[in-house]
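Novice: Quick one: the structure is below, and I'll ask about it shortly.
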Amino acid sequence: MRRLRHSLRWALIKAAVAGTTMVALAFLIPLGLMVQQTARDRAFTAAERQAAALGPALAITTDQDAIARAVASTDAGAQGRMAVHLPPPEAAGAGATTLSGPGGGAGGVASAPGGTASGGTASGGTASGGAAPAGKVSDGTGATAAAGSGSGPAAGATIGEVRALAADVASAGGQGRSFTVEVPGGYALLQPVAVDTVRTAVVEVFVADGDLTRGVATAWQVLSGVALGLVAVSVLVADRMGARIVGSARRLAAAARSLGAGDLAVRVPVDGKQAAGSPEELREAGHAFNAMADRVVQLLAAERELAADLSHRLRTPLTVLRLNAASLGEGDAADATRHAVAQLEREVDQIIRSARRAPEDAPAVTVGCDAAEVIRERVGFWSALAEDEGRRWQLAGADRETPVPVQRGDLAAAVDALLGNVFRHTGVGTAFSVDVLATGSSVIVLVGDAGPGFTDPEAALKRGEGHGGEGSTGLGLDIVRKLAEATGGDLALGRSAVLGGAEIRLRLRSRPDGTVPARTGRRRGRGSLFTR
């Protein structure tokens with residue numbers, strides 16, 4: 001899981017989730033708010049329709065029983081959410097006309113809405129009545145009755161359950177326009193309805209809070225599901241795209257590792273089904289890798305040919321040396337020379353065969369050898385030259401098996417480089433010694449001499465900077481150092497406490513664990529070495 005969190009696929013998934021979430025929020029939040037407002041408007045529109053349904057009934061009659069039946073016939077009225085505020089009754093004498101009795105008898109004239117009545121004049125005499133009180137109607141003989149007595153509902157009657165305040169109802173009737181007011185549990189819609197030219201009733205419809213949000217929660221759930229679906233689809237698409245990109249990158253990395261491990265035939269697929277869906281940039285990287293691998297193969301082939309050619313050119317001088325060595329006669333020096341020439345011919349033949357051999361035909365190499373055996377063999381080889389030059393030499397500690405994890409030829413070349421430095425950098429007759437010390441985790445080879453020692457140990461270890469005169473390449477100690485470091489060991493230069501000259505310490509790790517204990521035994525008196 002930790003590896004996934006740091007991969008390209010995870011980065012693409014996070015980018016897809018972030019982008020899709022922002023887009024979904026930008027569209028779905030306003031859409032959800034619009035749905036909420038639509039639900040609110042729908043509830044008030046339904047209330048207005050319920051109030052408008054009573055308009056025809058109020059225009060016909062203001063009888064309480066008839067209006068109650070009309071209210072009960074509506075949905076809001078059946079649920080107890082509607083009330084009707086009726087106007088006060090109209091005065092009974094309003095709009096009366098002059099009445100005349102038959103035969104031109106004296107008649108009475110009803111007063112205008114001021115409330116007074118006077119007797120009229122009839123032919124043959126005049127009869128006058130007294131003024132009637134306000135709100136009363138005269139009957140022509142001076143008798144009066146209460147205006148509106150025995151007709152119409154009581155003044156300002158209300159039908160249904162009232163929730164709005166009287167002041168809000170009066171305001172709606174006075175202004176002649178509908179509006180909503182907040183009441184406990186919701187809102188009340190107050191809708192004025194004209195009963196006649198001068199009177200107005202007010203219809204009150206209650207809208208509960210639940211009606212204002214009906215369907216909103218479901219809409220939000222649907223929108224949230226849509227958002228999650230979009231995010232899931234974007235994650236799936238990003239993961240598929242990331243898988244293609246990561247697959248191409250991993251194939252390129254695997255090919256690079258294989259090439260580094262020595263598989264010169266490995267190539268990155270840039271065409272066909274395996275490369276389908278790969279980004280163009282990774283295809284270009286694959287082409288570049290394949291071109292590099294082809295170039296590496298060409299360079300290695302050219303190097304092998306060059307090594308084979310150079311080795312072949314050495315055959316002529318080697319033949320001359322072999323013939324001259326055969327004519328030396330008998331003796332230790334002659335035998336050593338013939339042995340050296342034969343070994344040199346074998347090495348040249350091995351170089352030619354290795355250069356001509358294809359990499360896949362290379363035989364398996366067994367890693368590991370007996371360091372004591374190799375050192376005894378190489379010291380024995382150099383002992384012949386030491387006797388010719390009058391050099392005293394000594395070998396100690398090589399009488400028991402000391403395995404090390406290096407190839408026999410590499411260790412022999414390293415020992416030859418160390419002993420060759422003694423013969424090359426010291427005068428004839430200079431003594432030298434070789435000690436082998438085996439510890440629990442390392443094998444230490446000490447090569448000391450009685451010469452002048454190292455003037456600059458650091459420079460002596462740098463590749464190609466040796467100053468050994470003619471025939472020296474400055475690569476000998478560098479080759480030894482690389483061999484030691486390949487096993488986890490090291491190479492150090494110092495001064496010999498016994499012989500007084502230079503001392504080279506080669507430490508080869510025989511096991512990956514453990515530490516190197518202090519040296520003990522015959523050479524305990526040596527001085528410390530100058531490590532790099």
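FYI, nothing fancy with the structure tokens labels: chains A, B, ... in order, residues from 1 per chain, ligands from 1 as they appear.
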Could you write out, as a ChimeraX atom specification, all the residues of region 147-365 of chain A that DSSP marks as strand (DSSP E)?
Specialist: /A:158-160,179-183,186-194,200-208
Novice: Got time to write the residues from that selection, N, CA, C and O atoms, as a short mmCIF file (atom, residue, chain, number, x, y, z; two decimals), in the first residue's frame?
Specialist:
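Below is the file that was written, out.cif:
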data_model
loop_
_atom_site.label_atom_id
_atom_site.label_comp_id
_atom_site.auth_asym_id
_atom_site.auth_seq_id
_atom_site.Cartn_x
_atom_site.Cartn_y
_atom_site.Cartn_z
N THR A 158 -65.46 34.39 11.07
CA THR A 158 -64.30 33.63 10.57
C THR A 158 -64.67 32.15 10.54
O THR A 158 -65.22 31.62 11.51
N ILE A 159 -64.31 31.49 9.43
CA ILE A 159 -64.61 30.06 9.26
C ILE A 159 -63.28 29.32 9.14
O ILE A 159 -62.42 29.67 8.32
N GLY A 160 -63.07 28.29 9.89
CA GLY A 160 -61.85 27.50 9.86
C GLY A 160 -60.89 27.87 10.97
O GLY A 160 -61.15 28.74 11.81
N PHE A 179 -49.96 38.06 0.49
CA PHE A 179 -48.60 37.93 0.99
C PHE A 179 -48.58 36.81 2.02
O PHE A 179 -49.63 36.30 2.42
N THR A 180 -47.39 36.44 2.42
CA THR A 180 -47.21 35.37 3.40
C THR A 180 -46.63 35.93 4.68
O THR A 180 -45.84 36.89 4.65
N VAL A 181 -47.02 35.34 5.77
CA VAL A 181 -46.48 35.71 7.07
C VAL A 181 -46.04 34.42 7.77
O VAL A 181 -46.61 33.35 7.55
N GLU A 182 -45.03 34.56 8.61
CA GLU A 182 -44.52 33.40 9.34
C GLU A 182 -45.38 33.15 10.56
O GLU A 182 -45.69 34.08 11.32
N VAL A 183 -45.79 31.93 10.72
CA VAL A 183 -46.61 31.52 11.86
C VAL A 183 -45.96 30.29 12.48
O VAL A 183 -45.07 29.67 11.86
N GLY A 186 -44.82 27.00 10.34
CA GLY A 186 -44.76 27.22 8.89
C GLY A 186 -45.08 28.65 8.52
O GLY A 186 -44.70 29.60 9.22
N TYR A 187 -45.81 28.79 7.42
CA TYR A 187 -46.19 30.11 6.90
C TYR A 187 -47.68 30.10 6.61
O TYR A 187 -48.28 29.05 6.34
N ALA A 188 -48.28 31.30 6.62
CA ALA A 188 -49.69 31.48 6.27
C ALA A 188 -49.78 32.39 5.06
O ALA A 188 -49.21 33.50 5.05
N LEU A 189 -50.49 31.91 4.03
CA LEU A 189 -50.73 32.72 2.83
C LEU A 189 -52.06 33.43 3.02
O LEU A 189 -53.10 32.79 3.22
N LEU A 190 -52.04 34.75 2.95
CA LEU A 190 -53.25 35.57 3.08
C LEU A 190 -53.63 36.09 1.70
O LEU A 190 -52.90 36.90 1.11
N GLN A 191 -54.78 35.60 1.18
CA GLN A 191 -55.23 35.93 -0.18
C GLN A 191 -56.55 36.71 -0.09
O GLN A 191 -57.60 36.16 0.29
N PRO A 192 -56.57 38.02 -0.42
CA PRO A 192 -57.84 38.78 -0.41
C PRO A 192 -58.71 38.39 -1.60
O PRO A 192 -58.21 38.20 -2.71
N VAL A 193 -60.05 38.27 -1.35
CA VAL A 193 -61.03 37.95 -2.39
C VAL A 193 -62.17 38.96 -2.31
O VAL A 193 -62.79 39.12 -1.23
N ALA A 194 -62.48 39.67 -3.39
CA ALA A 194 -63.54 40.68 -3.39
C ALA A 194 -64.89 40.00 -3.36
O ALA A 194 -65.21 39.16 -4.22
N THR A 200 -64.36 42.94 1.08
CA THR A 200 -63.31 41.99 0.72
C THR A 200 -63.16 40.95 1.82
O THR A 200 -63.04 41.30 3.00
N ALA A 201 -63.17 39.70 1.43
CA ALA A 201 -62.87 38.60 2.36
C ALA A 201 -61.39 38.20 2.21
O ALA A 201 -60.77 38.45 1.18
N VAL A 202 -60.87 37.60 3.25
CA VAL A 202 -59.46 37.17 3.24
C VAL A 202 -59.43 35.66 3.47
O VAL A 202 -59.95 35.17 4.48
N VAL A 203 -58.80 34.93 2.51
CA VAL A 203 -58.64 33.49 2.63
C VAL A 203 -57.24 33.21 3.18
O VAL A 203 -56.24 33.66 2.60
N GLU A 204 -57.17 32.45 4.26
CA GLU A 204 -55.90 32.11 4.89
C GLU A 204 -55.60 30.63 4.65
O GLU A 204 -56.41 29.77 4.99
N VAL A 205 -54.43 30.33 4.03
CA VAL A 205 -54.01 28.95 3.77
C VAL A 205 -52.69 28.71 4.50
O VAL A 205 -51.72 29.45 4.27
N PHE A 206 -52.63 27.68 5.33
CA PHE A 206 -51.43 27.36 6.10
C PHE A 206 -50.52 26.43 5.28
O PHE A 206 -50.96 25.42 4.74
N VAL A 207 -49.25 26.82 5.21
CA VAL A 207 -48.22 26.03 4.52
C VAL A 207 -47.22 25.56 5.57
O VAL A 207 -46.49 26.39 6.14
N ALA A 208 -47.17 24.27 5.84
CA ALA A 208 -46.25 23.73 6.87
C ALA A 208 -44.81 23.73 6.37
O ALA A 208 -44.52 23.75 5.17
#
Novice: Might you pull out every residue within 9 Å of Phe44 (chain A), with only C-alpha atoms counted and same-chain residues fewer than 2 positions away left off, and present them as an NGL selection string?
Specialist: :A and (39-42 or 46-49 or 180 or 189 or 207 or 211-212)
Novice: Next, the residues of the selection above should be written as a short mmCIF file (atom, residue, chain, number, x, y, z; two decimals), in the first residue's frame with all heavy atoms.
Specialist:
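Written out: out_21.cif:
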data_model
loop_
_atom_site.label_atom_id
_atom_site.label_comp_id
_atom_site.auth_asym_id
_atom_site.auth_seq_id
_atom_site.Cartn_x
_atom_site.Cartn_y
_atom_site.Cartn_z
N ALA A 39 -39.03 23.65 -4.63
CA ALA A 39 -39.97 23.03 -3.69
C ALA A 39 -40.72 24.08 -2.89
O ALA A 39 -41.94 23.96 -2.65
CB ALA A 39 -39.22 22.08 -2.76
N ARG A 40 -40.04 25.13 -2.49
CA ARG A 40 -40.69 26.22 -1.75
C ARG A 40 -41.74 26.91 -2.62
O ARG A 40 -42.86 27.16 -2.17
CB ARG A 40 -39.62 27.20 -1.27
CG ARG A 40 -40.13 28.33 -0.40
CD ARG A 40 -39.00 29.28 -0.09
NE ARG A 40 -39.45 30.37 0.76
CZ ARG A 40 -39.42 30.36 2.09
NH1 ARG A 40 -38.95 29.28 2.71
NH2 ARG A 40 -39.85 31.38 2.79
N ASP A 41 -41.34 27.24 -3.86
CA ASP A 41 -42.29 27.91 -4.75
C ASP A 41 -43.47 27.01 -5.06
O ASP A 41 -44.62 27.50 -5.18
CB ASP A 41 -41.57 28.31 -6.05
CG ASP A 41 -40.50 29.35 -5.82
OD1 ASP A 41 -40.53 30.02 -4.77
OD2 ASP A 41 -39.60 29.48 -6.69
N ARG A 42 -43.21 25.71 -5.19
CA ARG A 42 -44.31 24.80 -5.48
C ARG A 42 -45.32 24.76 -4.34
O ARG A 42 -46.54 24.72 -4.57
CB ARG A 42 -43.74 23.40 -5.73
CG ARG A 42 -44.80 22.37 -6.12
CD ARG A 42 -44.17 21.02 -6.49
NE ARG A 42 -43.44 20.44 -5.38
CZ ARG A 42 -42.13 20.30 -5.33
NH1 ARG A 42 -41.40 20.69 -6.38
NH2 ARG A 42 -41.53 19.76 -4.29
N ALA A 46 -49.23 26.00 -4.74
CA ALA A 46 -50.36 25.14 -4.41
C ALA A 46 -51.29 25.83 -3.43
O ALA A 46 -52.54 25.72 -3.54
CB ALA A 46 -49.86 23.81 -3.84
N ALA A 47 -50.74 26.55 -2.46
CA ALA A 47 -51.58 27.30 -1.51
C ALA A 47 -52.38 28.38 -2.22
O ALA A 47 -53.56 28.62 -1.89
CB ALA A 47 -50.70 27.90 -0.42
N GLU A 48 -51.76 29.05 -3.17
CA GLU A 48 -52.49 30.07 -3.92
C GLU A 48 -53.64 29.47 -4.72
O GLU A 48 -54.73 30.06 -4.82
CB GLU A 48 -51.53 30.82 -4.84
CG GLU A 48 -50.53 31.69 -4.09
CD GLU A 48 -49.52 32.34 -5.03
OE1 GLU A 48 -49.58 32.02 -6.25
OE2 GLU A 48 -48.70 33.13 -4.56
N ARG A 49 -53.44 28.28 -5.28
CA ARG A 49 -54.52 27.62 -6.01
C ARG A 49 -55.66 27.24 -5.07
O ARG A 49 -56.84 27.35 -5.41
CB ARG A 49 -53.99 26.38 -6.73
CG ARG A 49 -53.14 26.69 -7.95
CD ARG A 49 -53.03 25.46 -8.85
NE ARG A 49 -52.48 24.31 -8.13
CZ ARG A 49 -51.20 23.99 -8.08
NH1 ARG A 49 -50.31 24.76 -8.73
NH2 ARG A 49 -50.78 22.92 -7.43
N THR A 180 -47.39 36.44 2.42
CA THR A 180 -47.21 35.37 3.40
C THR A 180 -46.63 35.93 4.68
O THR A 180 -45.84 36.89 4.65
CB THR A 180 -46.29 34.26 2.87
OG1 THR A 180 -45.02 34.85 2.54
CG2 THR A 180 -46.87 33.61 1.62
N LEU A 189 -50.49 31.91 4.03
CA LEU A 189 -50.73 32.72 2.83
C LEU A 189 -52.06 33.43 3.02
O LEU A 189 -53.10 32.79 3.22
CB LEU A 189 -50.78 31.84 1.59
CG LEU A 189 -51.23 32.52 0.30
CD1 LEU A 189 -50.21 33.56 -0.15
CD2 LEU A 189 -51.48 31.50 -0.81
N VAL A 207 -49.25 26.82 5.21
CA VAL A 207 -48.22 26.03 4.52
C VAL A 207 -47.22 25.56 5.57
O VAL A 207 -46.49 26.39 6.14
CB VAL A 207 -47.53 26.83 3.40
CG1 VAL A 207 -46.49 25.96 2.70
CG2 VAL A 207 -48.55 27.36 2.40
N ASP A 211 -43.90 21.00 3.95
CA ASP A 211 -44.27 21.19 2.54
C ASP A 211 -43.21 21.97 1.78
O ASP A 211 -43.04 21.78 0.57
CB ASP A 211 -45.62 21.90 2.45
CG ASP A 211 -46.75 21.08 3.03
OD1 ASP A 211 -46.58 19.84 3.10
OD2 ASP A 211 -47.79 21.65 3.43
N LEU A 212 -42.52 22.86 2.49
CA LEU A 212 -41.50 23.68 1.82
C LEU A 212 -40.26 22.87 1.45
O LEU A 212 -39.52 23.27 0.54
CB LEU A 212 -41.09 24.84 2.75
CG LEU A 212 -42.20 25.82 3.13
CD1 LEU A 212 -41.67 26.87 4.09
CD2 LEU A 212 -42.78 26.50 1.88
#
Novice: Do you know which residues are at most 12 Å from Val246 (chain A) counting only C-alpha atoms, after dropping those on the same chain fewer than 5 positions away, and could you put them as a list in words?
Specialist: Leu4, Ser7, Leu8, Arg9, Trp10, Ala11, Leu12, Ala238, Asp239, Arg240, Met241, Arg251, Leu252, Ala253, Ala254, Ala275, Gly277, Ser278, Pro279 and Leu282 of chain A
Novice: So that I have them on file, write out the residues from the current selection with N, CA, C and O atoms, as a tab-separated table (two decimals), in the first residue's frame.
Specialist:
chain	number	residue	atom	x	y	z
A	4	LEU	N	2.01	1.92	-3.42
A	4	LEU	CA	0.96	2.49	-4.26
A	4	LEU	C	0.80	3.97	-4.00
A	4	LEU	O	0.54	4.75	-4.92
A	7	SER	N	3.14	5.98	-6.12
A	7	SER	CA	3.24	5.63	-7.52
A	7	SER	C	2.53	6.66	-8.39
A	7	SER	O	1.77	7.51	-7.91
A	8	LEU	N	2.80	6.56	-9.69
A	8	LEU	CA	2.17	7.47	-10.64
A	8	LEU	C	0.68	7.21	-10.72
A	8	LEU	O	-0.12	8.15	-10.89
A	9	ARG	N	0.26	5.96	-10.61
A	9	ARG	CA	-1.17	5.65	-10.66
A	9	ARG	C	-1.91	6.34	-9.52
A	9	ARG	O	-2.99	6.89	-9.72
A	10	TRP	N	-1.34	6.32	-8.33
A	10	TRP	CA	-1.98	6.97	-7.19
A	10	TRP	C	-2.05	8.47	-7.40
A	10	TRP	O	-3.06	9.11	-7.03
A	11	ALA	N	-1.03	9.06	-7.98
A	11	ALA	CA	-1.06	10.50	-8.26
A	11	ALA	C	-2.16	10.84	-9.26
A	11	ALA	O	-2.88	11.84	-9.10
A	12	LEU	N	-2.31	10.02	-10.30
A	12	LEU	CA	-3.37	10.26	-11.27
A	12	LEU	C	-4.75	10.10	-10.64
A	12	LEU	O	-5.68	10.86	-10.94
A	238	ALA	N	-8.92	7.10	-14.62
A	238	ALA	CA	-7.55	7.48	-14.26
A	238	ALA	C	-6.70	6.27	-13.94
A	238	ALA	O	-5.51	6.21	-14.29
A	239	ASP	N	-7.30	5.27	-13.26
A	239	ASP	CA	-6.54	4.07	-12.93
A	239	ASP	C	-6.15	3.30	-14.19
A	239	ASP	O	-5.03	2.80	-14.29
A	240	ARG	N	-7.06	3.21	-15.15
A	240	ARG	CA	-6.73	2.51	-16.39
A	240	ARG	C	-5.64	3.25	-17.15
A	240	ARG	O	-4.71	2.65	-17.70
A	241	MET	N	-5.77	4.58	-17.22
A	241	MET	CA	-4.73	5.35	-17.89
A	241	MET	C	-3.40	5.22	-17.16
A	241	MET	O	-2.34	5.04	-17.77
A	251	ARG	N	8.13	-1.58	-17.82
A	251	ARG	CA	8.83	-2.37	-18.84
A	251	ARG	C	10.16	-1.73	-19.20
A	251	ARG	O	11.17	-2.43	-19.40
A	252	LEU	N	10.18	-0.40	-19.28
A	252	LEU	CA	11.44	0.29	-19.58
A	252	LEU	C	12.44	0.09	-18.45
A	252	LEU	O	13.63	-0.16	-18.70
A	253	ALA	N	11.98	0.20	-17.18
A	253	ALA	CA	12.89	0.01	-16.05
A	253	ALA	C	13.41	-1.42	-15.98
A	253	ALA	O	14.59	-1.66	-15.71
A	254	ALA	N	12.53	-2.39	-16.25
A	254	ALA	CA	12.97	-3.79	-16.24
A	254	ALA	C	14.00	-4.06	-17.32
A	254	ALA	O	14.98	-4.79	-17.10
A	275	ALA	N	2.71	-2.69	-26.51
A	275	ALA	CA	2.92	-1.24	-26.44
A	275	ALA	C	1.65	-0.46	-26.69
A	275	ALA	O	1.69	0.77	-26.73
A	277	GLY	N	-1.52	1.64	-26.19
A	277	GLY	CA	-1.93	2.54	-25.12
A	277	GLY	C	-0.81	3.26	-24.43
A	277	GLY	O	-1.06	4.08	-23.54
A	278	SER	N	0.44	2.99	-24.78
A	278	SER	CA	1.57	3.68	-24.15
A	278	SER	C	1.64	5.12	-24.63
A	278	SER	O	1.39	5.40	-25.80
A	279	PRO	N	1.97	6.06	-23.74
A	279	PRO	CA	2.11	7.45	-24.17
A	279	PRO	C	3.23	7.59	-25.19
A	279	PRO	O	4.20	6.81	-25.21
A	282	LEU	N	6.77	7.88	-23.71
A	282	LEU	CA	7.41	6.63	-23.30
A	282	LEU	C	7.80	5.79	-24.51
A	282	LEU	O	8.78	5.03	-24.45
Novice: Which residue, A:Asp388, A:Ala414, A:Pro317, A:Ala285, has the smallest gap to Asp332 (chain A) when you use only C-alpha atoms?
Specialist: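 Smallest separation from Asp332 (chain A) among the options: A:Asp388.
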Novice: What lies within 8 Å of region 290-301 of chain A using only C-alpha atoms, ignoring chain neighbours under 2 positions off, as a list in words?
Specialist: Leu259, Leu264, Val266, Arg267, Val268, Gly286, His287, Ala288, Glu303, Arg304 and Glu305 of chain A
Novice: Take the residues that were just selected and, keeping N, CA, C and O atoms, output them as a PDB file, in the first residue's frame.
Specialist:
ATOM      1  N   LEU A 259      19.613  -5.013 -18.873  1.00  0.00           N
ATOM      2  CA  LEU A 259      20.814  -4.603 -19.607  1.00  0.00           C
ATOM      3  C   LEU A 259      21.989  -4.402 -18.655  1.00  0.00           C
ATOM      4  O   LEU A 259      23.122  -4.788 -18.955  1.00  0.00           O
ATOM      5  N   LEU A 264      22.377  -8.407 -23.007  1.00  0.00           N
ATOM      6  CA  LEU A 264      22.519  -7.466 -24.111  1.00  0.00           C
ATOM      7  C   LEU A 264      21.438  -7.635 -25.170  1.00  0.00           C
ATOM      8  O   LEU A 264      21.317  -6.790 -26.060  1.00  0.00           O
ATOM      9  N   VAL A 266      18.156  -7.734 -24.500  1.00  0.00           N
ATOM     10  CA  VAL A 266      16.880  -7.198 -24.049  1.00  0.00           C
ATOM     11  C   VAL A 266      16.540  -5.929 -24.827  1.00  0.00           C
ATOM     12  O   VAL A 266      17.409  -5.109 -25.111  1.00  0.00           O
ATOM     13  N   ARG A 267      15.261  -5.786 -25.171  1.00  0.00           N
ATOM     14  CA  ARG A 267      14.762  -4.589 -25.855  1.00  0.00           C
ATOM     15  C   ARG A 267      13.384  -4.245 -25.300  1.00  0.00           C
ATOM     16  O   ARG A 267      12.672  -5.095 -24.763  1.00  0.00           O
ATOM     17  N   VAL A 268      13.011  -2.977 -25.447  1.00  0.00           N
ATOM     18  CA  VAL A 268      11.708  -2.503 -24.986  1.00  0.00           C
ATOM     19  C   VAL A 268      10.713  -2.585 -26.131  1.00  0.00           C
ATOM     20  O   VAL A 268      10.994  -2.065 -27.224  1.00  0.00           O
ATOM     21  N   GLY A 286      11.461   4.424 -25.180  1.00  0.00           N
ATOM     22  CA  GLY A 286      11.752   3.039 -25.567  1.00  0.00           C
ATOM     23  C   GLY A 286      12.626   2.959 -26.798  1.00  0.00           C
ATOM     24  O   GLY A 286      13.566   2.155 -26.861  1.00  0.00           O
ATOM     25  N   HIS A 287      12.317   3.784 -27.805  1.00  0.00           N
ATOM     26  CA  HIS A 287      13.165   3.822 -28.998  1.00  0.00           C
ATOM     27  C   HIS A 287      14.595   4.227 -28.643  1.00  0.00           C
ATOM     28  O   HIS A 287      15.564   3.636 -29.153  1.00  0.00           O
ATOM     29  N   ALA A 288      14.721   5.243 -27.766  1.00  0.00           N
ATOM     30  CA  ALA A 288      16.058   5.697 -27.369  1.00  0.00           C
ATOM     31  C   ALA A 288      16.809   4.588 -26.619  1.00  0.00           C
ATOM     32  O   ALA A 288      18.013   4.383 -26.817  1.00  0.00           O
ATOM     33  N   GLU A 303      35.189  -3.820 -29.059  1.00  0.00           N
ATOM     34  CA  GLU A 303      36.244  -4.022 -28.062  1.00  0.00           C
ATOM     35  C   GLU A 303      36.767  -5.453 -28.103  1.00  0.00           C
ATOM     36  O   GLU A 303      37.977  -5.687 -27.967  1.00  0.00           O
ATOM     37  N   ARG A 304      35.840  -6.413 -28.258  1.00  0.00           N
ATOM     38  CA  ARG A 304      36.297  -7.809 -28.329  1.00  0.00           C
ATOM     39  C   ARG A 304      37.182  -8.029 -29.553  1.00  0.00           C
ATOM     40  O   ARG A 304      38.211  -8.719 -29.480  1.00  0.00           O
ATOM     41  N   GLU A 305      36.790  -7.432 -30.652  1.00  0.00           N
ATOM     42  CA  GLU A 305      37.612  -7.574 -31.854  1.00  0.00           C
ATOM     43  C   GLU A 305      38.972  -6.931 -31.664  1.00  0.00           C
ATOM     44  O   GLU A 305      39.994  -7.468 -32.092  1.00  0.00           O
TER      45      GLU A 305
END
Novice: In Å, with one decimal, what is the gap from CA of Ala227 (chain A) to CA of Arg214 (chain A)?
Specialist: 21.6 Å
Novice: Counting only C-alpha atoms, which residue out of A:Ala333, A:Val270, A:Leu321, A:Ala497 sits closest to Ala249 (chain A)?
Specialist: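 Ranked by minimum distance to Ala249 (chain A), first place goes to A:Val270.
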Novice: Considering only C-alpha atoms, can you say which of A:Ser510, A:Ser73, A:Thr487, A:Ser496 comes closest to Phe432 (chain A)?
Specialist: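 Closest candidate: A:Ser496.
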